[in-house]
Every structure is written in C-alpha cells, then in structure tokens.
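Novice: I have a structure here, written as structure tokens, and I will follow up with some questions on it.
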Amino acid sequence: MSEENVNPNAEPNPNGGQTPPASDPEESVTLTPAELQSKLDSEADKRAAKAVETAKAKWAADQAKAIEDAKNQGAKLAKMSAAEKAKAEDEARQSALDKREAELNQRELSTSTVALLADKKLPTSLADQLIKLGDADAIKTAVDGLDKAISEEVNKRVNESLQTIPPQNGSSALNGSDDPFAKKLSSYTKK
C-alpha cells in the first residue's frame, strides 16, 4: 500500500485531490527571542527618531520666530530716537517686573491659602479652587464659611447619632413580684 502525504489543513478538491490551504492575510512568523528583541528595538528607534525630528522642527520654528521678533524689535528700535528707545526699554522692563510680581503674589496667595486651610484642619486640596478667587480677604471669608458650615454639619450629625429613643411609658416593665431587686430587698428587710 502506498501512503500519500496528506495535509490535514488542506481543503478537499471536488476533483478528488487536495488543494493547498488558503494563505492567511496575517502570516504567522516565528521569531527567536533575539530576533524579536531586535525588531522591537528597531521599531523603538524609528519612533524615537521621529519624535526627535518633530522636536527639532518645532525648536527650529520657535527659534526662527524668536529671531524674527528680535529683528523686528531691532528695526523698530533703530528707527526710534534715543528718548523713544529709553521709553521702550523702560516699558519692557516694567512689564517684566509686573509679570514677576504677579507670579510672586500668586505663589504667596497659594502658600497662605494652604496654611489657612491646614490651620482650620480642612483639606488642603481645596486650595486650588479657593486661589481662583484671587483675593486673600475673599479666600479667608470663604474658608471661615466652610469651616463654620462643616462644624455645624458635623455637630448636627454627632447629636443625631447620640440620641436614643426613651422608654415608651417612662418606667420599668418590672413591677412588685416580678422585680428581682424588690424580692432581694424584701428578704433583707423581713429578718
């Protein structure tokens, strides 16, 4: 008897023979761990290179814009008289100082708000929302209001949980002969 090599994945052919299996759109490839690592490293390198190119392009565009702004500022200053130049430089210096002062005030407001919340034993995570008020007095008023409201609510709930239901008729259900204390007491007084 002759044995034929039969492929179990092959589909039967209507003519009696077998057809080769249809190739999958995703062909499975077996890789060794070293080959797999090599492919992963290659893909990571491609993505990193693309990210670096994007960052370089952005940096170059920012630098070109900064250079263009500096040229425009230089041309504007070149057209100005000495008094106008001094005035423009003073305005630039003043705007930089104002910006720095605003940043320092914001930082100070943040620090004082966190300290105020910590002193009142309130969550310091509220500081970000309170800072949006922008005024130290408004923040203090809001924190005092929060502290008072929270204290009142806590006291209300504590009092509610401590309340007990008093007896319905105001006396014990035990009377005369049923009362074990009365029986004991009568045994001492009869002697």
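Identifiers for the structure tokens are assigned positionally: chains receive A, B, ... in sequence, residues are indexed from 1 per chain, and ligands are indexed from 1 in the order shown.
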Please list as a list in words every residue within 12 Å of segment 139-154 of chain A, counting only C-alpha atoms and excluding residues in the same chain fewer than 4 positions away.

Specialist: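 Skipping anything fewer than 4 positions along the chain leaves Leu109, Ser110, Ser112, Thr113, Val114, Ala115, Leu116, Leu117, Ala118, Asp119, Lys120, Lys121, Leu122, Pro123, Thr124, Leu126, Ala127, Asp128, Gln129, Leu130, Ile131, Lys132, Leu133, Gly134, Asp135, Val158, Asn159, Glu160 and Ser161 of chain A.
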
Novice: Go through segment 8-190 of chain A and collect every residue that DSSP, computed from the backbone, puts in alpha helix (DSSP H); the answer should be as number ranges by chain.

Specialist: A: 33-79, 82-119, 127-131, 136-162, 180-189

Novice: Between atom CA of Asn72 of chain A and atom CA of Glu53 of chain A, what distance in Å does the model show, to one decimal?

Specialist: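 Here the two named atoms are 28.3 Å from each other.
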